[in-house]
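One file, input-v3.csv, is given below (CSV, C-alpha atoms and all ligand atoms).
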chain,number,residue,atom,x,y,z
A,25,MET,CA,-5.0,15.9,27.6
A,26,PRO,CA,-3.4,15.3,24.3
A,27,ARG,CA,-5.8,14.2,21.5
A,28,VAL,CA,-4.9,12.0,18.6
A,29,ILE,CA,-6.5,10.3,15.7
A,30,GLN,CA,-6.6,6.5,16.3
A,31,LEU,CA,-7.6,3.5,14.4
A,32,LEU,CA,-8.8,1.1,17.2
A,33,LYS,CA,-10.0,-1.9,15.1
A,34,ALA,CA,-9.2,-3.1,11.6
A,35,ARG,CA,-11.8,-2.1,9.0
A,36,GLU,CA,-13.4,0.5,11.3
A,37,ALA,CA,-13.5,4.3,11.2
A,38,VAL,CA,-10.8,6.3,13.0
A,39,GLU,CA,-11.7,8.2,16.1
A,40,VAL,CA,-10.5,11.3,18.0
A,41,VAL,CA,-9.1,9.8,21.3
A,42,GLU,CA,-7.7,11.5,24.4
A,43,ILE,CA,-4.5,9.9,25.6
A,44,PRO,CA,-2.5,10.5,28.8
A,45,SER,CA,0.2,13.2,28.6
A,46,LYS,CA,3.7,11.7,28.4
A,47,ASN,CA,6.9,13.2,29.6
A,48,PRO,CA,9.9,12.9,27.2
A,49,GLY,CA,12.6,10.4,28.2
A,50,PRO,CA,16.4,10.9,27.6
A,51,HIS,CA,17.0,12.3,24.1
A,52,GLU,CA,13.3,12.7,23.6
A,53,VAL,CA,11.2,15.8,23.2
A,54,ARG,CA,7.5,16.5,23.4
A,55,LEU,CA,6.1,18.6,20.4
A,56,ARG,CA,3.0,20.6,20.1
A,57,ILE,CA,2.0,19.7,16.6
A,58,GLU,CA,1.1,22.7,14.5
A,59,ALA,CA,0.1,20.8,11.3
A,60,CYS,CA,0.2,17.2,10.1
A,61,ALA,CA,-0.5,16.0,6.6
A,62,LEU,CA,-2.9,13.2,5.7
A,63,GLY,CA,-2.5,11.4,2.4
A,64,GLN,CA,-3.1,8.3,0.3
A,65,LEU,CA,-0.4,6.3,2.2
A,66,ASP,CA,-2.3,6.9,5.5
A,67,TRP,CA,-5.5,5.8,3.8
A,68,ASN,CA,-3.9,2.6,2.5
A,69,LEU,CA,-2.5,1.7,6.0
A,70,LEU,CA,-5.7,2.6,7.8
A,71,THR,CA,-7.9,0.4,5.6
A,72,LEU,CA,-5.7,-2.7,5.5
A,73,ASP,CA,-7.4,-6.0,6.7
A,74,ALA,CA,-4.4,-6.3,9.0
A,75,PRO,CA,-3.0,-2.9,9.9
A,76,PRO,CA,0.7,-2.9,10.9
A,77,ARG,CA,-0.3,-2.2,14.5
A,78,LEU,CA,-3.4,-1.5,16.6
A,79,PRO,CA,-4.3,1.0,17.9
A,80,LEU,CA,-2.6,3.0,15.1
A,81,VAL,CA,-2.1,6.8,15.1
A,82,PRO,CA,-1.4,7.8,11.5
A,83,GLY,CA,0.6,10.8,10.3
A,84,HIS,CA,4.2,10.8,8.9
A,85,GLU,CA,4.8,14.4,8.0
A,86,ALA,CA,4.2,17.3,10.3
A,87,VAL,CA,5.6,20.5,11.8
A,88,GLY,CA,5.7,21.2,15.5
A,89,VAL,CA,7.3,23.2,18.3
A,90,VAL,CA,9.3,21.7,21.2
A,91,GLU,CA,7.4,22.2,24.4
A,92,ALA,CA,9.2,19.8,26.7
A,93,VAL,CA,12.7,18.3,26.6
A,94,GLY,CA,14.1,15.1,28.2
A,95,ALA,CA,17.6,14.6,29.6
A,96,ASN,CA,20.6,15.1,27.3
A,97,CYS,CA,18.7,16.8,24.5
A,98,THR,CA,20.3,19.2,22.1
A,99,LEU,CA,16.9,20.6,20.8
A,100,ARG,CA,15.7,23.6,22.8
A,101,MET,CA,12.3,24.6,24.1
A,102,GLY,CA,10.4,26.7,21.5
A,103,GLU,CA,12.4,25.3,18.6
A,104,ARG,CA,10.3,24.6,15.5
A,105,VAL,CA,11.1,21.2,13.8
A,106,LEU,CA,9.9,19.1,10.9
A,107,VAL,CA,8.6,15.7,11.8
A,108,THR,CA,9.8,13.3,9.1
A,109,PRO,CA,8.5,9.8,8.3
A,110,LEU,CA,11.5,7.8,9.5
A,111,ALA,CA,11.1,7.2,13.2
A,112,SER,CA,14.3,5.1,13.7
A,113,SER,CA,16.8,3.0,11.8
A,114,CYS,CA,19.3,0.3,12.8
A,115,GLY,CA,22.3,2.6,12.5
A,116,THR,CA,24.7,-0.2,11.5
A,117,CYS,CA,23.7,-1.5,8.1
A,118,ASN,CA,25.2,-0.3,4.8
A,119,ALA,CA,22.3,2.0,4.1
A,120,CYS,CA,22.6,3.7,7.6
A,121,ARG,CA,26.4,3.9,7.5
A,122,GLY,CA,26.1,5.5,4.0
A,123,ARG,CA,23.8,8.2,5.5
A,124,ASP,CA,20.9,6.7,3.5
A,125,ALA,CA,18.8,5.4,6.4
A,126,ARG,CA,15.6,5.7,4.4
A,127,HIS,CA,16.5,2.4,2.8
A,128,CYS,CA,17.4,0.6,6.1
A,129,GLY,CA,15.7,-2.8,6.3
A,130,GLY,CA,15.4,-2.3,10.1
A,131,ALA,CA,13.8,1.1,9.9
A,132,SER,CA,10.6,1.9,11.6
A,133,TRP,CA,8.2,4.4,10.0
A,134,ARG,CA,5.9,6.8,11.7
A,135,GLY,CA,2.3,6.1,11.4
A,136,MET,CA,3.1,2.6,10.4
A,137,HIS,CA,5.4,0.8,12.8
A,138,VAL,CA,5.2,3.4,15.6
A,139,ASP,CA,2.5,6.0,16.3
A,140,GLY,CA,2.4,8.9,13.9
A,141,ALA,CA,2.0,12.6,14.5
A,142,LEU,CA,-1.7,13.1,13.8
A,143,GLY,CA,-2.7,14.7,17.1
A,144,THR,CA,-2.1,17.6,19.3
A,145,HIS,CA,1.2,16.3,20.7
A,146,LEU,CA,4.0,13.9,19.8
A,147,VAL,CA,6.8,12.5,22.0
A,148,THR,CA,9.7,11.2,19.9
A,149,HIS,CA,13.5,10.9,19.8
A,150,GLU,CA,15.0,14.2,18.8
A,151,LYS,CA,17.3,12.5,16.3
A,152,THR,CA,14.3,11.9,14.1
A,153,LEU,CA,13.4,15.6,13.9
A,154,VAL,CA,14.9,18.2,11.6
A,155,PRO,CA,15.3,21.7,13.1
A,156,LEU,CA,13.7,24.2,10.7
A,157,GLU,CA,16.5,26.4,9.5
A,158,LEU,CA,15.2,29.3,7.5
A,159,PRO,CA,17.0,30.5,4.4
A,160,LEU,CA,18.8,33.8,4.7
A,161,GLY,CA,16.6,36.8,4.2
A,162,VAL,CA,13.4,35.1,5.4
A,163,GLU,CA,11.8,36.8,8.4
A,164,PRO,CA,12.0,34.8,11.7
A,165,LEU,CA,8.8,32.8,12.1
A,166,ALA,CA,6.1,34.1,14.3
A,167,GLU,CA,5.4,32.4,17.7
A,168,VAL,CA,2.4,30.8,16.1
A,169,LEU,CA,2.5,30.0,12.4
A,170,ALA,CA,-0.2,31.2,10.1
A,171,PRO,CA,-2.4,28.2,9.2
A,172,GLN,CA,-1.4,28.1,5.5
A,173,LEU,CA,2.3,28.3,6.3
A,174,ALA,CA,2.0,25.6,8.9
A,175,GLY,CA,0.2,23.4,6.4
A,176,ALA,CA,2.8,24.0,3.7
A,177,LEU,CA,5.7,23.4,6.1
A,178,ALA,CA,4.1,20.1,7.3
A,179,LEU,CA,4.6,18.8,3.8
A,180,SER,CA,8.3,19.7,3.7
A,181,GLY,CA,9.4,16.7,5.8
A,182,GLY,CA,7.6,14.2,3.6
A,183,SER,CA,5.8,15.0,0.4
A,184,LEU,CA,7.9,17.9,-0.6
A,185,TRP,CA,11.1,16.1,0.4
A,186,THR,CA,10.0,13.1,-1.7
A,187,ALA,CA,9.2,15.4,-4.7
A,188,VAL,CA,12.6,17.1,-4.6
A,189,GLY,CA,14.4,13.7,-3.9
A,190,ALA,CA,12.5,12.1,-6.8
A,191,VAL,CA,13.3,14.9,-9.3
A,192,ASN,CA,16.9,14.9,-8.2
A,193,ALA,CA,17.1,11.1,-8.4
A,194,LEU,CA,16.5,11.5,-12.2
A,195,GLY,CA,20.1,12.9,-12.4
A,196,LEU,CA,19.2,15.4,-15.1
A,197,VAL,CA,22.0,17.8,-15.8
A,198,HIS,CA,20.4,19.8,-18.7
A,199,PRO,CA,16.9,21.2,-19.0
A,200,SER,CA,14.8,18.2,-20.1
A,201,ARG,CA,11.3,17.0,-20.9
A,202,VAL,CA,10.0,15.5,-17.6
A,203,ALA,CA,6.6,13.8,-17.2
A,204,VAL,CA,4.9,13.5,-13.8
A,205,PHE,CA,2.4,10.7,-13.5
A,206,GLY,CA,-0.2,11.1,-10.7
A,207,VAL,CA,-0.9,14.7,-9.6
A,208,GLY,CA,-1.8,14.1,-5.9
A,209,GLY,CA,0.0,15.2,-2.7
A,210,VAL,CA,3.5,14.4,-4.0
A,211,GLY,CA,2.8,14.8,-7.7
A,212,HIS,CA,1.6,18.4,-7.6
A,213,LEU,CA,4.8,19.3,-5.8
A,214,ALA,CA,7.0,17.3,-8.2
A,215,VAL,CA,5.5,19.3,-11.1
A,216,GLN,CA,6.5,22.6,-9.4
A,217,VAL,CA,9.9,21.3,-8.3
A,218,ALA,CA,10.8,20.1,-11.9
A,219,LYS,CA,9.6,23.5,-13.3
A,220,ALA,CA,11.6,25.4,-10.7
A,221,LEU,CA,14.7,23.4,-11.8
A,222,GLY,CA,14.2,24.6,-15.4
A,223,HIS,CA,12.6,21.5,-17.0
A,224,GLU,CA,9.7,21.4,-19.4
A,225,VAL,CA,7.0,19.5,-17.4
A,226,PHE,CA,4.2,17.3,-18.6
A,227,ALA,CA,1.6,15.7,-16.4
A,228,ALA,CA,-0.9,12.9,-16.6
A,229,ASP,CA,-3.6,11.7,-14.2
A,230,ALA,CA,-6.8,9.7,-14.6
A,231,ASP,CA,-8.7,12.4,-12.7
A,232,PRO,CA,-9.5,15.5,-14.9
A,233,GLU,CA,-9.6,17.7,-11.8
A,234,ARG,CA,-6.0,16.9,-11.0
A,235,VAL,CA,-4.9,17.5,-14.7
A,236,THR,CA,-6.5,20.9,-14.3
A,237,LEU,CA,-4.4,21.6,-11.2
A,238,ALA,CA,-1.3,20.4,-13.0
A,239,GLY,CA,-2.0,22.8,-15.8
A,240,ALA,CA,-2.5,25.7,-13.4
A,241,LEU,CA,1.0,24.8,-12.0
A,242,GLY,CA,2.6,25.0,-15.4
A,243,ALA,CA,2.5,21.4,-16.6
A,244,LYS,CA,1.4,20.6,-20.2
A,245,PRO,CA,-0.6,17.6,-21.3
A,246,LEU,CA,1.7,14.7,-22.5
A,247,ASP,CA,2.4,15.2,-26.2
A,248,GLY,CA,5.3,12.8,-27.1
A,249,PRO,CA,8.5,11.3,-25.9
A,250,VAL,CA,10.1,12.5,-22.6
A,251,ASP,CA,13.6,12.3,-21.1
A,252,ALA,CA,12.5,11.3,-17.7
A,253,ALA,CA,9.5,10.5,-15.6
A,254,VAL,CA,8.4,10.9,-11.9
A,255,VAL,CA,5.7,8.3,-11.2
A,256,CYS,CA,3.8,9.4,-8.1
A,257,THR,CA,1.2,6.6,-8.2
A,258,PRO,CA,1.6,2.9,-7.6
A,259,SER,CA,-0.4,2.2,-10.7
A,260,THR,CA,1.2,-0.3,-13.1
A,261,GLN,CA,-0.6,1.4,-16.0
A,262,ALA,CA,1.1,4.7,-15.2
A,263,LEU,CA,4.5,3.1,-15.1
A,264,GLN,CA,3.9,1.2,-18.3
A,265,GLN,CA,2.9,4.5,-20.0
A,266,ALA,CA,6.1,6.1,-18.6
A,267,VAL,CA,8.2,3.3,-20.0
A,268,ARG,CA,6.5,3.7,-23.4
A,269,LEU,CA,7.1,7.4,-23.5
A,270,LEU,CA,10.7,7.4,-22.4
A,271,ARG,CA,13.5,8.0,-24.9
A,272,ALA,CA,16.4,5.6,-24.9
A,273,GLY,CA,18.5,6.0,-21.8
A,274,GLY,CA,15.5,7.6,-20.0
A,275,ARG,CA,15.1,7.5,-16.2
A,276,ILE,CA,12.2,6.9,-14.0
A,277,ALA,CA,11.9,7.9,-10.3
A,278,LEU,CA,9.2,6.0,-8.3
A,279,ALA,CA,7.6,8.3,-5.8
A,280,GLY,CA,4.3,6.5,-5.1
A,281,SER,CA,3.9,3.3,-3.1
A,282,SER,CA,1.1,1.1,-1.8
A,283,PRO,CA,1.3,-2.0,0.4
A,284,THR,CA,-0.3,-4.1,-2.3
A,285,GLY,CA,1.0,-2.4,-5.5
A,286,ARG,CA,2.6,-4.6,-8.2
A,287,ILE,CA,4.3,-3.6,-11.4
A,288,ASP,CA,4.4,-5.5,-14.7
A,289,LEU,CA,7.0,-4.3,-17.2
A,290,SER,CA,8.6,-5.5,-20.3
A,291,VAL,CA,12.2,-6.7,-19.6
A,292,ALA,CA,13.1,-6.1,-23.2
A,293,ASP,CA,12.0,-2.4,-22.9
A,294,LEU,CA,14.2,-1.9,-19.9
A,295,VAL,CA,17.2,-3.8,-21.2
A,296,TRP,CA,17.3,-2.8,-24.9
A,297,ARG,CA,16.4,0.8,-24.4
A,298,GLY,CA,18.6,1.2,-21.3
A,299,LEU,CA,16.0,2.6,-19.0
A,300,THR,CA,16.7,3.2,-15.3
A,301,ILE,CA,14.2,2.9,-12.5
A,302,ARG,CA,15.1,4.5,-9.2
A,303,SER,CA,13.4,4.9,-5.8
A,304,GLY,CA,12.2,8.5,-5.2
A,305,LEU,CA,11.4,7.8,-1.5
A,306,LEU,CA,12.2,10.9,0.6
A,307,GLY,CA,15.6,12.1,-0.4
A,308,THR,CA,19.0,13.3,1.0
A,309,ARG,CA,19.3,15.9,3.7
A,310,GLU,CA,20.4,18.3,0.9
A,311,ASP,CA,17.1,17.5,-1.0
A,312,LEU,CA,15.2,18.5,2.2
A,313,GLU,CA,17.0,21.8,2.5
A,314,GLU,CA,16.4,22.4,-1.2
A,315,GLY,CA,12.6,21.8,-0.7
A,316,VAL,CA,12.4,24.2,2.3
A,317,GLY,CA,14.3,26.8,0.2
A,318,LEU,CA,11.8,26.3,-2.8
A,319,LEU,CA,8.9,26.7,-0.4
A,320,PHE,CA,10.2,30.0,1.1
A,321,SER,CA,11.2,31.4,-2.3
A,322,GLY,CA,7.6,30.9,-3.4
A,323,LYS,CA,8.7,28.7,-6.3
A,324,VAL,CA,6.7,25.8,-4.8
A,325,LYS,CA,3.2,26.5,-3.5
A,326,PRO,CA,1.5,23.4,-2.0
A,327,SER,CA,-2.2,23.1,-2.8
A,328,ILE,CA,-3.7,22.2,0.6
A,329,GLU,CA,-7.0,21.7,2.2
A,330,LEU,CA,-6.9,22.5,5.9
A,331,VAL,CA,-9.1,20.6,8.3
A,332,THR,CA,-9.4,20.3,12.1
A,333,LEU,CA,-8.7,17.1,14.1
A,334,ASP,CA,-12.5,16.7,14.8
A,335,GLU,CA,-13.2,16.8,11.0
A,336,VAL,CA,-10.7,13.9,10.2
A,337,PRO,CA,-13.0,10.9,10.7
A,338,ALA,CA,-15.5,12.3,8.2
A,339,ARG,CA,-13.0,13.9,5.8
A,340,LEU,CA,-10.7,10.9,5.6
A,341,TRP,CA,-13.2,9.3,3.2
A,342,ALA,CA,-12.3,11.9,0.7
A,343,LEU,CA,-9.0,10.0,0.2
A,344,ARG,CA,-10.7,6.8,-0.7
A,345,ASP,CA,-10.8,7.1,-4.4
A,346,LEU,CA,-7.2,8.3,-4.8
A,347,GLY,CA,-8.0,11.5,-3.0
A,348,PHE,CA,-8.3,15.0,-4.5
A,349,PRO,CA,-5.9,17.5,-5.9
A,350,GLY,CA,-3.2,18.5,-3.5
A,351,ARG,CA,-2.9,17.4,0.1
A,352,MET,CA,-5.1,17.4,3.1
A,353,VAL,CA,-3.5,19.0,6.2
A,354,VAL,CA,-4.8,18.7,9.7
A,355,LEU,CA,-4.4,21.6,12.2
A,356,PRO,CA,-4.8,19.9,15.5
A,357,GLY,CA,-4.6,23.0,17.7
B,401,ZN,ZN,20.1,0.4,9.0
Same coordinates, now as structure tokens:
Amino acid sequence: MPRVIQLLKAREAVEVVEIPSKNPGPHEVRLRIEACALGQLDWNLLTLDAPPRLPLVPGHEAVGVVEAVGANCTLRMGERVLVTPLASSCGTCNACRGRDARHCGGASWRGMHVDGALGTHLVTHEKTLVPLELPLGVEPLAEVLAPQLAGALALSGGSLWTAVGAVNALGLVHPSRVAVFGVGGVGHLAVQVAKALGHEVFAADADPERVTLAGALGAKPLDGPVDAAVVCTPSTQALQQAVRLLRAGGRIALAGSSPTGRIDLSVADLVWRGLTIRSGLLGTREDLEEGVGLLFSGKVKPSIELVTLDEVPARLWALRDLGFPGRMVVLPG
């Protein structure tokens, strides 16, 4: 029987639950999940007074292998795919028609509006999955991924995608001074992505352990004005600090969110200094391919802690105080 992590009641602990095996319908596939990340966003959703749905299965970024296909599917048995956060979109709004479904107002998100991927199996529409195409020169993947590789790949469809999308959203055409605020799951990847793209990278975080991680990844402590900032935390203080540090015409990409986050900024700062704030949520399909390429080239090495499904209810608490350096990844197998 498939096993998943479920939140059954608001304000209670999650449990490992057995659920009936489901056959995929038309255009659906059933995946065997090899790895699924668990992060601050999941913690935020699981601890709301009124979670978006109950019971709720978290998990919005994962990697899995197709083990059953429904009618009219183009994905094949045995194919390895990335499970991305967007579970569906309306298909007709301006955002969807502009191939930018991540900003669709009618979108449903995995682990939020529909069940997420944190379990042994997931049945989902194949349109929401990204076949994992390997860069030229990379050996074909083994039948079963090595745990570290599975963990790293799980981040490609979410955290790494967002990190690449956010850095690219800055629109920098020359090597620049880039500050990363918040060195968690997305932030520690954004540091590496910005470095790989030739920028001088600075990092800030309230947690000294995370600053140490950023230093090991090649980021320097903040030491003056910067051209651009990736803010990977919903903290208004971090954003205010980014605004203060930016040079005129500077750009900010927001890559951290929380259901209750609010920002308080000086309008004069934004208007007179010509600052731009953009969303760094996920990215384009090209950003995703770039992220997978950076992973396989070794230029981005996710810092991950691997845990089993049975360890999740106890380990989830580690995320409470803004987590720990890197990302927790669950190996459900
Ligand atoms: Zn739409």
Residues at most 10 Å from stretch 42-57 of chain A, counting all atoms listed in the file, excluding those fewer than 6 positions away in the same chain, as a VMD selection string?
chain A and resid 25 to 30 86 to 107 141 to 153 174 178 354 to 357
Shell around A:Leu343 at 12 Å using only C-alpha atoms, local window under 2 positions removed, as a compact mmCIF listing (two decimals) with C-alpha atoms, in the frame of the given file:
# COMPACT_ATOMS: atom_id res chain seq x y z
CA LEU A 62 -2.90 13.20 5.70
CA GLY A 63 -2.50 11.40 2.40
CA GLN A 64 -3.10 8.30 0.30
CA LEU A 65 -0.40 6.30 2.20
CA ASP A 66 -2.30 6.90 5.50
CA TRP A 67 -5.50 5.80 3.80
CA ASN A 68 -3.90 2.60 2.50
CA LEU A 70 -5.70 2.60 7.80
CA THR A 71 -7.90 0.40 5.60
CA GLY A 208 -1.80 14.10 -5.90
CA GLY A 209 0.00 15.20 -2.70
CA VAL A 336 -10.70 13.90 10.20
CA PRO A 337 -13.00 10.90 10.70
CA ALA A 338 -15.50 12.30 8.20
CA ARG A 339 -13.00 13.90 5.80
CA LEU A 340 -10.70 10.90 5.60
CA TRP A 341 -13.20 9.30 3.20
CA ASP A 345 -10.80 7.10 -4.40
CA LEU A 346 -7.20 8.30 -4.80
CA GLY A 347 -8.00 11.50 -3.00
CA PHE A 348 -8.30 15.00 -4.50
CA PRO A 349 -5.90 17.50 -5.90
CA GLY A 350 -3.20 18.50 -3.50
CA ARG A 351 -2.90 17.40 0.10
CA MET A 352 -5.10 17.40 3.10
Determine, using only C-alpha atoms, which residues of stretch 126-187 of chain A have any atom at most 8 Å from an atom of stretch 289-312 of chain A, and tabulate each with its shortest atom pair and distance in Å to one decimal place, rows ordered by chain and then rising number, as CSV.
residue,atom,partner,partner_atom,distance
A:Arg126,CA,A:Leu306,CA,7.3
A:Ser180,CA,A:Leu312,CA,7.2
A:Gly181,CA,A:Leu312,CA,7.1
A:Gly182,CA,A:Leu306,CA,6.4
A:Ser183,CA,A:Leu306,CA,7.6
A:Leu184,CA,A:Leu312,CA,7.8
A:Trp185,CA,A:Leu312,CA,5.1
A:Thr186,CA,A:Leu306,CA,3.9
A:Ala187,CA,A:Gly304,CA,7.5
Between A:Gly130, A:Pro171, A:Pro283, A:Pro82, which residue has the minimum interatomic distance to ligand ZN 401 (chain B), considering all atoms listed in the file?
A:Gly130
Looking at A:Val204, A:Val353, A:Ala243, A:Cys120, which one is nearest to ligand ZN 401 (chain B), with distances taken over only C-alpha atoms and all ligand atoms?
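Among the listed residues, A:Cys120 lies closest to ligand ZN 401 (chain B).
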Using only C-alpha atoms, determine which residues lie at most 7 Å from A:Arg271, disregarding the query and same-chain residues fewer than 3 positions distant; provide the list as a PyMOL selection string.
chain A and resi 249-251+274
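Proximity ranking of A:Gly195, A:Gly115, A:Gly315, A:Gly211 relative to ligand ZN 401 (chain B) places A:Gly115 first, based on all atoms listed in the file.
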Identify, counting only C-alpha atoms and all ligand atoms, the protein, DNA and RNA residues located within 6 Å of ligand ZN 401 (chain B), and give them as a ChimeraX atom specification.
/A:113-117,119-120,125,128,130
Neighbouring residues of A:Ala111 were defined as those with any atom within 7 Å, considering only C-alpha atoms; residues of the same chain fewer than 4 positions away were excluded. Please report them as a list in words.
Ser132, Trp133, Arg134 and Thr152 of chain A
Would you work out the distance separating atom CA of A:Cys60 from atom CA of A:Ala238, expressed in Å to one decimal?
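Pair atom CA of A:Cys60 / atom CA of A:Ala238 returns 23.4 Å.
Nearest to A:Lys325 of all the residues A:Gln172, A:Thr284, A:Ser259, A:Ser200 is A:Gln172, counting only C-alpha atoms.
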Take atom CA of A:Gly248 and atom CA of A:Ala230 and report the distance between them in Å, one decimal.
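Calculated distance between atom CA of A:Gly248 and atom CA of A:Ala230 is 17.7 Å.
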For the atom pair atom CA of A:Ala74 and atom CA of A:Ala59, what is the interatomic distance in Å to one decimal place?
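One can read the atom CA of A:Ala74 to atom CA of A:Ala59 distance as 27.6 Å.
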Test item: residues at most 12 Å from A:His137, all atoms listed in the file, excluding those fewer than 6 positions along its chain, as an MDAnalysis selection string
chainID A and resid 69 75:84 109:113 130:131
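Nearest residue to A:Ala193, choosing from A:Glu335, A:Gly140, A:Ala277, A:Leu177 and counting all atoms listed in the file: A:Ala277.
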Generate the missing atoms of stretch 102-124 of chain A up to N, CA and C atoms and report them as an mmCIF file, keeping the file's coordinate frame.
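Resulting contents of part.cif:
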data_model
loop_
_atom_site.group_PDB
_atom_site.id
_atom_site.type_symbol
_atom_site.label_atom_id
_atom_site.label_comp_id
_atom_site.auth_asym_id
_atom_site.auth_seq_id
_atom_site.Cartn_x
_atom_site.Cartn_y
_atom_site.Cartn_z
ATOM 1 N N GLY A 102 10.817 25.622 22.471
ATOM 2 C CA GLY A 102 10.400 26.700 21.500
ATOM 3 C C GLY A 102 10.934 26.484 20.125
ATOM 4 N N GLU A 103 11.842 25.520 19.931
ATOM 5 C CA GLU A 103 12.400 25.300 18.600
ATOM 6 C C GLU A 103 11.334 24.683 17.684
ATOM 7 N N ARG A 104 11.311 25.119 16.426
ATOM 8 C CA ARG A 104 10.300 24.600 15.500
ATOM 9 C C ARG A 104 11.043 23.497 14.647
ATOM 10 N N VAL A 105 10.404 22.334 14.512
ATOM 11 C CA VAL A 105 11.100 21.200 13.800
ATOM 12 C C VAL A 105 10.101 20.566 12.812
ATOM 13 N N LEU A 106 10.710 19.920 11.825
ATOM 14 C CA LEU A 106 9.900 19.100 10.900
ATOM 15 C C LEU A 106 9.929 17.670 11.445
ATOM 16 N N VAL A 107 8.760 17.068 11.452
ATOM 17 C CA VAL A 107 8.600 15.700 11.800
ATOM 18 C C VAL A 107 8.648 14.874 10.518
ATOM 19 N N THR A 108 9.640 14.013 10.369
ATOM 20 C CA THR A 108 9.800 13.300 9.100
ATOM 21 C C THR A 108 9.342 11.827 9.289
ATOM 22 N N PRO A 109 9.110 11.113 8.182
ATOM 23 C CA PRO A 109 8.500 9.800 8.300
ATOM 24 C C PRO A 109 9.340 8.730 9.005
ATOM 25 N N LEU A 110 10.670 8.850 8.909
ATOM 26 C CA LEU A 110 11.500 7.800 9.500
ATOM 27 C C LEU A 110 11.640 8.014 10.991
ATOM 28 N N ALA A 111 11.100 7.067 11.771
ATOM 29 C CA ALA A 111 11.100 7.200 13.200
ATOM 30 C C ALA A 111 12.380 6.655 13.852
ATOM 31 N N SER A 112 12.978 5.634 13.228
ATOM 32 C CA SER A 112 14.300 5.100 13.700
ATOM 33 C C SER A 112 14.859 4.214 12.644
ATOM 34 N N SER A 113 16.148 3.967 12.763
ATOM 35 C CA SER A 113 16.800 3.000 11.800
ATOM 36 C C SER A 113 17.883 2.301 12.631
ATOM 37 N N CYS A 114 18.418 1.211 12.060
ATOM 38 C CA CYS A 114 19.300 0.300 12.800
ATOM 39 C C CYS A 114 20.642 0.996 13.157
ATOM 40 N N GLY A 115 21.093 1.890 12.277
ATOM 41 C CA GLY A 115 22.300 2.600 12.500
ATOM 42 C C GLY A 115 23.596 1.864 12.165
ATOM 43 N N THR A 116 23.479 0.589 11.793
ATOM 44 C CA THR A 116 24.700 -0.200 11.500
ATOM 45 C C THR A 116 24.761 -0.792 10.136
ATOM 46 N N CYS A 117 23.637 -0.845 9.416
ATOM 47 C CA CYS A 117 23.700 -1.500 8.100
ATOM 48 C C CYS A 117 24.350 -0.589 7.066
ATOM 49 N N ASN A 118 24.564 -1.099 5.874
ATOM 50 C CA ASN A 118 25.200 -0.300 4.800
ATOM 51 C C ASN A 118 24.473 0.965 4.521
ATOM 52 N N ALA A 119 23.136 0.859 4.445
ATOM 53 C CA ALA A 119 22.300 2.000 4.100
ATOM 54 C C ALA A 119 22.527 3.105 5.212
ATOM 55 N N CYS A 120 22.439 2.695 6.471
ATOM 56 C CA CYS A 120 22.600 3.700 7.600
ATOM 57 C C CYS A 120 23.967 4.267 7.599
ATOM 58 N N ARG A 121 24.990 3.418 7.406
ATOM 59 C CA ARG A 121 26.400 3.900 7.500
ATOM 60 C C ARG A 121 26.656 4.835 6.269
ATOM 61 N N GLY A 122 25.902 4.626 5.172
ATOM 62 C CA GLY A 122 26.100 5.500 4.000
ATOM 63 C C GLY A 122 25.167 6.704 4.062
ATOM 64 N N ARG A 123 24.697 7.061 5.239
ATOM 65 C CA ARG A 123 23.800 8.200 5.500
ATOM 66 C C ARG A 123 22.569 8.124 4.552
ATOM 67 N N ASP A 124 22.044 6.924 4.395
ATOM 68 C CA ASP A 124 20.900 6.700 3.500
ATOM 69 C C ASP A 124 19.869 5.854 4.284
#
